[in-house]
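First the structure, in the form of C-alpha cells, and then the observations on it.
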Amino acid sequence: MKKKFKLSPMLLLAIAAVLLLVSTVGSTQAALLYYSDNYVATVETFDIGTVLVENGDPMEGDTALLGNLLGDDTKIVPGKTYDEVIQVANSGQIDSYVRVLIRKYWLDESGKKASDKLDPSYIELIPSASDKWKKSDDSTAEREIFYYKDILKTSKTNKKEMTDAVIDGIKINGAILKEVIQHTNGNKISYEYKYDGCKFVVEVEAQAIQTHNAVDAIKSAWGVNATIEDGVLTVN
C-alpha cells in the first residue's frame with residue numbers, strides 16, 4: 001500500500017536582481033517553485049511495516065510534508081541548506097532490514113516531467129553523518145538509493161524504533177542561478193531564467209525486508225546481492 005501526500009506549490013525565489021547584472025535590456029523575474037512531495041511508505045506484508053519520520057514527526061495519514069521547510073521565510077535561497085531530517089520507523093511486528101529510494105526531478109511549466117532538459121542534480125540531498133547508511137553505487141542524479149546496515153527492530157514499547165537519519169537537509173545548488181537563456185530581438189538582448197516557472201519534486205520511498213532468510217529475500221525483492229555478518233547488512 002502506498003501513501004501519497006500533496007503539498008501546494010510555493011514561491012521559491014526571485015532572481016530579477018541577478019539577471020539585471022547580465023542583461024543589457026530587460027530581465028525576467030523567476031517563478032521557480034517547489035512541488036514536493038510524494039513521500040511514500042511501502043508495506044511489504046501484513047507483519048512488515050515502515051513509517052517515514054520527518055524532523056521527528058511520523059508521516060501518517062494526510063500529514064503535510066515539507067510544510068515547515070521555510071520557517072518564517074517566504075522564498076528558498078539557492079545554496080542555502082534547509083533542515084529536512086528523514087528517518088524510517090518500524091511500524092510492523094517483526095524486525096526488518098530497510099532501504100530508502102529518493103527520486104528528484106523537475107516539472108516544466110506545463111507540469112510534465114522534464115529530466116531530459118532540466119538537471120535533477122541541482123536538487124541536492126544532504127546525507128547525514130551516520131555511518132549506518134550506505135549509498136548504493138547504482139544511484140543516479142535522479143534516483144538515490146540508501147541501505148541501512150543495522151536491523152530495524154520492533155519496539156517493545158509504544159514508541160517506534162527508528163533508523164538514524166538518512167538525510168538531514170535539502171538545498172537547491174546555487175549554480176542554478178547561472179542557467180539563463182539569451183534572446184536577441186534586433187539590437188535588444190534579454191535573458192530568460194531557464195528554470196523559470198518550473199517545479200522540483202522529491203519522492204521518498206521506504207522499503208522493508210524481513211530478517212529471516214534476508215539474503216534471499218533481498219535478492220528476490222530488491223534485485224541486489226547482499227551479505228549479512230553479525231546482523232550487519234552489506235549490499236554488493
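By convention in this document, the chains of the C-alpha cells carry letters A, B, ... by their order, each chain's residues are numbered from 1, and ligands are numbered from 1 in the order they are shown.
Near Pro127 in chain A, within 10 Å and counting only C-alpha atoms, sit Val85, Ile86, Glu124, Ser130, Trp133, Lys135, Phe146, Ala165, Val166, Ile167, Asp168, Gly169 and Ile170 of chain A; same-chain residues fewer than 3 positions away were not included.
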Could you name the residues that touch Tyr148 in chain A at 6 Å or less, counting only C-alpha atoms, but leaving out those on the same chain fewer than 3 positions away, as a PDB file with C-alpha atoms, in the first residue's frame?
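Dumped everything to selection-v4.pdb:
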```
ATOM      1  CA  VAL A  98      15.286  -1.318   5.195  1.00  0.00           C
ATOM      2  CA  ARG A  99      16.317   0.779   2.259  1.00  0.00           C
ATOM      3  CA  LYS A 132      24.822   3.181   9.243  1.00  0.00           C
ATOM      4  CA  TRP A 133      23.505   4.237   5.842  1.00  0.00           C
TER       5      TRP A 133
END
```
Which residue, A:Ala206, A:Leu125, A:Leu152, A:Leu177, has the smallest gap to Asn90 in chain A when you use only C-alpha atoms? A:Leu152
Show me, as a CSV table (one decimal) with N, CA, C and O atoms, in the first residue's frame, the residues that have an atom within 12 Å of Lys219 in chain A when counting only C-alpha atoms, minus same-chain residues fewer than 5 positions from it.
```csv
chain,number,residue,atom,x,y,z
A,209,ILE,N,12.4,-5.4,4.4
A,209,ILE,CA,12.5,-6.9,4.2
A,209,ILE,C,12.7,-7.6,5.5
A,209,ILE,O,13.4,-7.1,6.4
A,213,ASN,N,15.9,-15.3,6.4
A,213,ASN,CA,16.3,-15.6,5.0
A,213,ASN,C,16.4,-14.3,4.3
A,213,ASN,O,16.0,-14.2,3.1
A,214,ALA,N,17.0,-13.3,4.9
A,214,ALA,CA,17.1,-11.9,4.3
A,214,ALA,C,17.8,-11.8,3.0
A,214,ALA,O,17.5,-11.1,2.1
A,224,VAL,N,19.3,-7.2,-5.7
A,224,VAL,CA,20.7,-7.0,-5.5
A,224,VAL,C,21.2,-8.1,-4.6
A,224,VAL,O,20.5,-8.8,-3.9
A,225,ASN,N,22.5,-8.3,-4.7
A,225,ASN,CA,23.2,-9.3,-3.9
A,225,ASN,C,23.6,-8.7,-2.6
A,225,ASN,O,24.1,-7.6,-2.5
A,226,ALA,N,23.5,-9.4,-1.5
A,226,ALA,CA,23.8,-8.9,-0.2
A,226,ALA,C,24.4,-10.0,0.6
A,226,ALA,O,24.3,-11.2,0.4
A,227,THR,N,25.2,-9.6,1.6
A,227,THR,CA,25.7,-10.5,2.7
A,227,THR,C,25.4,-9.9,4.0
A,227,THR,O,25.2,-8.7,4.2
A,235,VAL,N,25.5,-4.6,1.0
A,235,VAL,CA,24.9,-4.8,-0.4
A,235,VAL,C,26.1,-4.7,-1.3
A,235,VAL,O,26.9,-3.8,-1.4
A,236,ASN,N,26.3,-5.8,-2.1
A,236,ASN,CA,27.4,-5.9,-3.0
A,236,ASN,C,27.2,-5.1,-4.3
A,236,ASN,O,26.0,-5.0,-4.7
```
Got a sec to tell me which of range 63-181 of chain A DSSP assigns to strand (DSSP E), as a PyMOL selection string? chain A and resi 82-90+96-107+123-127+133-135+143-148+167-172+180-181
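The shortest atom-to-atom distance to Glu60 in chain A, with only C-alpha atoms taken into account, belongs to A:Ala89 out of A:Ala89, A:Leu233, A:Ala129, A:Arg103.
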Please identify the alpha helix (DSSP H) residues within range 24-235 of chain A (assignment by DSSP from backbone atoms) and present them as a list of chain:residue names. A:Ala214, A:Val215, A:Asp216, A:Ala217, A:Ile218, A:Lys219, A:Ser220, A:Ala221, A:Trp222
Write a file of the selected residues as an mmCIF file, in the first residue's frame, keeping C-alpha atoms.
```
data_model
loop_
_atom_site.group_PDB
_atom_site.id
_atom_site.type_symbol
_atom_site.label_atom_id
_atom_site.label_comp_id
_atom_site.auth_asym_id
_atom_site.auth_seq_id
_atom_site.Cartn_x
_atom_site.Cartn_y
_atom_site.Cartn_z
ATOM 1 C CA ALA A 214 17.062 -11.926 4.348
ATOM 2 C CA VAL A 215 19.769 -12.507 1.736
ATOM 3 C CA ASP A 216 17.396 -14.481 -0.495
ATOM 4 C CA ALA A 217 14.528 -12.080 0.213
ATOM 5 C CA ILE A 218 16.655 -9.060 -0.698
ATOM 6 C CA LYS A 219 17.766 -10.698 -3.941
ATOM 7 C CA SER A 220 14.171 -11.518 -4.837
ATOM 8 C CA ALA A 221 12.555 -8.223 -3.831
ATOM 9 C CA TRP A 222 15.299 -5.675 -4.473
#
```
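Atom pair CA of Val232 in chain A / CA of Asp150 in chain A: separated by 5.3 Å.
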At most 10 Å is the cut-off: for each residue in range 153-231 of chain A with any atom that close to an atom of range 104-118 of chain A, write down the nearest atom pair and the distance in Å rounded to one decimal, counting only C-alpha atoms, chain first then increasing number, as JSON lines.
```
{"residue": "A:Lys194", "atom": "CA", "partner": "A:Leu118", "partner_atom": "CA", "distance": 8.4}
{"residue": "A:Tyr195", "atom": "CA", "partner": "A:Leu118", "partner_atom": "CA", "distance": 7.6}
{"residue": "A:Asp196", "atom": "CA", "partner": "A:Glu109", "partner_atom": "CA", "distance": 8.1}
{"residue": "A:Gly197", "atom": "CA", "partner": "A:Glu109", "partner_atom": "CA", "distance": 5.3}
{"residue": "A:Cys198", "atom": "CA", "partner": "A:Asp108", "partner_atom": "CA", "distance": 4.7}
{"residue": "A:Lys199", "atom": "CA", "partner": "A:Leu107", "partner_atom": "CA", "distance": 5.1}
{"residue": "A:Phe200", "atom": "CA", "partner": "A:Trp106", "partner_atom": "CA", "distance": 4.4}
{"residue": "A:Val201", "atom": "CA", "partner": "A:Tyr105", "partner_atom": "CA", "distance": 5.4}
{"residue": "A:Val202", "atom": "CA", "partner": "A:Lys104", "partner_atom": "CA", "distance": 4.7}
{"residue": "A:Glu203", "atom": "CA", "partner": "A:Lys104", "partner_atom": "CA", "distance": 6.5}
{"residue": "A:Val204", "atom": "CA", "partner": "A:Lys104", "partner_atom": "CA", "distance": 9.0}
```
Store the residues of this selection in a file with all heavy atoms, as a PDB file, in the first residue's frame.
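result02.pdb written:
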```pdb
ATOM      1  N   LYS A 194      16.326  29.802 -17.149  1.00  0.00           N
ATOM      2  CA  LYS A 194      15.971  28.509 -17.730  1.00  0.00           C
ATOM      3  C   LYS A 194      14.936  27.758 -16.894  1.00  0.00           C
ATOM      4  O   LYS A 194      14.083  27.044 -17.432  1.00  0.00           O
ATOM      5  CB  LYS A 194      17.230  27.647 -17.889  1.00  0.00           C
ATOM      6  CG  LYS A 194      16.981  26.290 -18.545  1.00  0.00           C
ATOM      7  CD  LYS A 194      18.274  25.523 -18.742  1.00  0.00           C
ATOM      8  CE  LYS A 194      18.024  24.166 -19.379  1.00  0.00           C
ATOM      9  NZ  LYS A 194      19.287  23.406 -19.562  1.00  0.00           N
ATOM     10  N   TYR A 195      14.992  27.922 -15.571  1.00  0.00           N
ATOM     11  CA  TYR A 195      14.093  27.181 -14.686  1.00  0.00           C
ATOM     12  C   TYR A 195      12.872  28.002 -14.272  1.00  0.00           C
ATOM     13  O   TYR A 195      12.148  27.622 -13.355  1.00  0.00           O
ATOM     14  CB  TYR A 195      14.859  26.698 -13.453  1.00  0.00           C
ATOM     15  CG  TYR A 195      15.819  25.575 -13.772  1.00  0.00           C
ATOM     16  CD1 TYR A 195      17.011  25.809 -14.462  1.00  0.00           C
ATOM     17  CD2 TYR A 195      15.536  24.258 -13.402  1.00  0.00           C
ATOM     18  CE1 TYR A 195      17.886  24.782 -14.769  1.00  0.00           C
ATOM     19  CE2 TYR A 195      16.404  23.224 -13.696  1.00  0.00           C
ATOM     20  CZ  TYR A 195      17.575  23.488 -14.378  1.00  0.00           C
ATOM     21  OH  TYR A 195      18.447  22.465 -14.691  1.00  0.00           O
ATOM     22  N   ASP A 196      12.649  29.119 -14.964  1.00  0.00           N
ATOM     23  CA  ASP A 196      11.517  29.973 -14.661  1.00  0.00           C
ATOM     24  C   ASP A 196      10.208  29.190 -14.806  1.00  0.00           C
ATOM     25  O   ASP A 196       9.949  28.563 -15.834  1.00  0.00           O
ATOM     26  CB  ASP A 196      11.512  31.163 -15.614  1.00  0.00           C
ATOM     27  CG  ASP A 196      10.477  32.205 -15.242  1.00  0.00           C
ATOM     28  OD1 ASP A 196      10.041  32.216 -14.082  1.00  0.00           O
ATOM     29  OD2 ASP A 196      10.108  33.001 -16.113  1.00  0.00           O
ATOM     30  N   GLY A 197       9.376  29.218 -13.766  1.00  0.00           N
ATOM     31  CA  GLY A 197       8.083  28.553 -13.807  1.00  0.00           C
ATOM     32  C   GLY A 197       8.121  27.062 -13.574  1.00  0.00           C
ATOM     33  O   GLY A 197       7.078  26.407 -13.573  1.00  0.00           O
ATOM     34  N   CYS A 198       9.310  26.500 -13.378  1.00  0.00           N
ATOM     35  CA  CYS A 198       9.423  25.055 -13.158  1.00  0.00           C
ATOM     36  C   CYS A 198       9.256  24.712 -11.684  1.00  0.00           C
ATOM     37  O   CYS A 198       9.355  25.568 -10.812  1.00  0.00           O
ATOM     38  CB  CYS A 198      10.772  24.543 -13.663  1.00  0.00           C
ATOM     39  SG  CYS A 198      11.024  24.798 -15.426  1.00  0.00           S
ATOM     40  N   LYS A 199       9.005  23.456 -11.432  1.00  0.00           N
ATOM     41  CA  LYS A 199       8.847  22.958 -10.067  1.00  0.00           C
ATOM     42  C   LYS A 199       9.796  21.787  -9.857  1.00  0.00           C
ATOM     43  O   LYS A 199      10.121  21.078 -10.804  1.00  0.00           O
ATOM     44  CB  LYS A 199       7.415  22.484  -9.824  1.00  0.00           C
ATOM     45  CG  LYS A 199       6.351  23.531 -10.100  1.00  0.00           C
ATOM     46  CD  LYS A 199       4.964  22.909 -10.044  1.00  0.00           C
ATOM     47  CE  LYS A 199       3.891  23.927 -10.405  1.00  0.00           C
ATOM     48  NZ  LYS A 199       2.536  23.323 -10.389  1.00  0.00           N
ATOM     49  N   PHE A 200      10.251  21.635  -8.615  1.00  0.00           N
ATOM     50  CA  PHE A 200      11.013  20.426  -8.365  1.00  0.00           C
ATOM     51  C   PHE A 200      10.234  19.490  -7.453  1.00  0.00           C
ATOM     52  O   PHE A 200       9.439  19.919  -6.617  1.00  0.00           O
ATOM     53  CB  PHE A 200      12.413  20.707  -7.803  1.00  0.00           C
ATOM     54  CG  PHE A 200      12.481  21.125  -6.366  1.00  0.00           C
ATOM     55  CD1 PHE A 200      12.488  20.179  -5.353  1.00  0.00           C
ATOM     56  CD2 PHE A 200      12.601  22.457  -6.009  1.00  0.00           C
ATOM     57  CE1 PHE A 200      12.595  20.539  -4.020  1.00  0.00           C
ATOM     58  CE2 PHE A 200      12.698  22.836  -4.681  1.00  0.00           C
ATOM     59  CZ  PHE A 200      12.695  21.878  -3.677  1.00  0.00           C
ATOM     60  N   VAL A 201      10.455  18.211  -7.682  1.00  0.00           N
ATOM     61  CA  VAL A 201       9.728  17.169  -6.969  1.00  0.00           C
ATOM     62  C   VAL A 201      10.729  16.272  -6.251  1.00  0.00           C
ATOM     63  O   VAL A 201      11.765  15.909  -6.808  1.00  0.00           O
ATOM     64  CB  VAL A 201       8.881  16.314  -7.939  1.00  0.00           C
ATOM     65  CG1 VAL A 201       8.141  15.219  -7.187  1.00  0.00           C
ATOM     66  CG2 VAL A 201       7.901  17.193  -8.693  1.00  0.00           C
ATOM     67  N   VAL A 202      10.418  15.931  -5.025  1.00  0.00           N
ATOM     68  CA  VAL A 202      11.198  14.960  -4.262  1.00  0.00           C
ATOM     69  C   VAL A 202      10.248  13.870  -3.797  1.00  0.00           C
ATOM     70  O   VAL A 202       9.220  14.162  -3.182  1.00  0.00           O
ATOM     71  CB  VAL A 202      11.895  15.604  -3.047  1.00  0.00           C
ATOM     72  CG1 VAL A 202      12.604  14.544  -2.208  1.00  0.00           C
ATOM     73  CG2 VAL A 202      12.879  16.672  -3.483  1.00  0.00           C
ATOM     74  N   GLU A 203      10.557  12.630  -4.120  1.00  0.00           N
ATOM     75  CA  GLU A 203       9.772  11.484  -3.677  1.00  0.00           C
ATOM     76  C   GLU A 203      10.667  10.598  -2.810  1.00  0.00           C
ATOM     77  O   GLU A 203      11.811  10.334  -3.163  1.00  0.00           O
ATOM     78  CB  GLU A 203       9.279  10.650  -4.859  1.00  0.00           C
ATOM     79  CG  GLU A 203       8.369  11.401  -5.811  1.00  0.00           C
ATOM     80  CD  GLU A 203       7.929  10.541  -6.984  1.00  0.00           C
ATOM     81  OE1 GLU A 203       8.425   9.389  -7.096  1.00  0.00           O
ATOM     82  OE2 GLU A 203       7.109  11.005  -7.774  1.00  0.00           O
ATOM     83  N   VAL A 204      10.137  10.148  -1.696  1.00  0.00           N
ATOM     84  CA  VAL A 204      10.881   9.259  -0.809  1.00  0.00           C
ATOM     85  C   VAL A 204      10.070   7.995  -0.584  1.00  0.00           C
ATOM     86  O   VAL A 204       8.882   8.060  -0.272  1.00  0.00           O
ATOM     87  CB  VAL A 204      11.182   9.925   0.552  1.00  0.00           C
ATOM     88  CG1 VAL A 204      11.944   8.964   1.459  1.00  0.00           C
ATOM     89  CG2 VAL A 204      11.966  11.207   0.364  1.00  0.00           C
TER      90      VAL A 204
END
```
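In this model, the gap between CA of Ile228 in chain A and CA of Lys159 in chain A comes to 27.0 Å.
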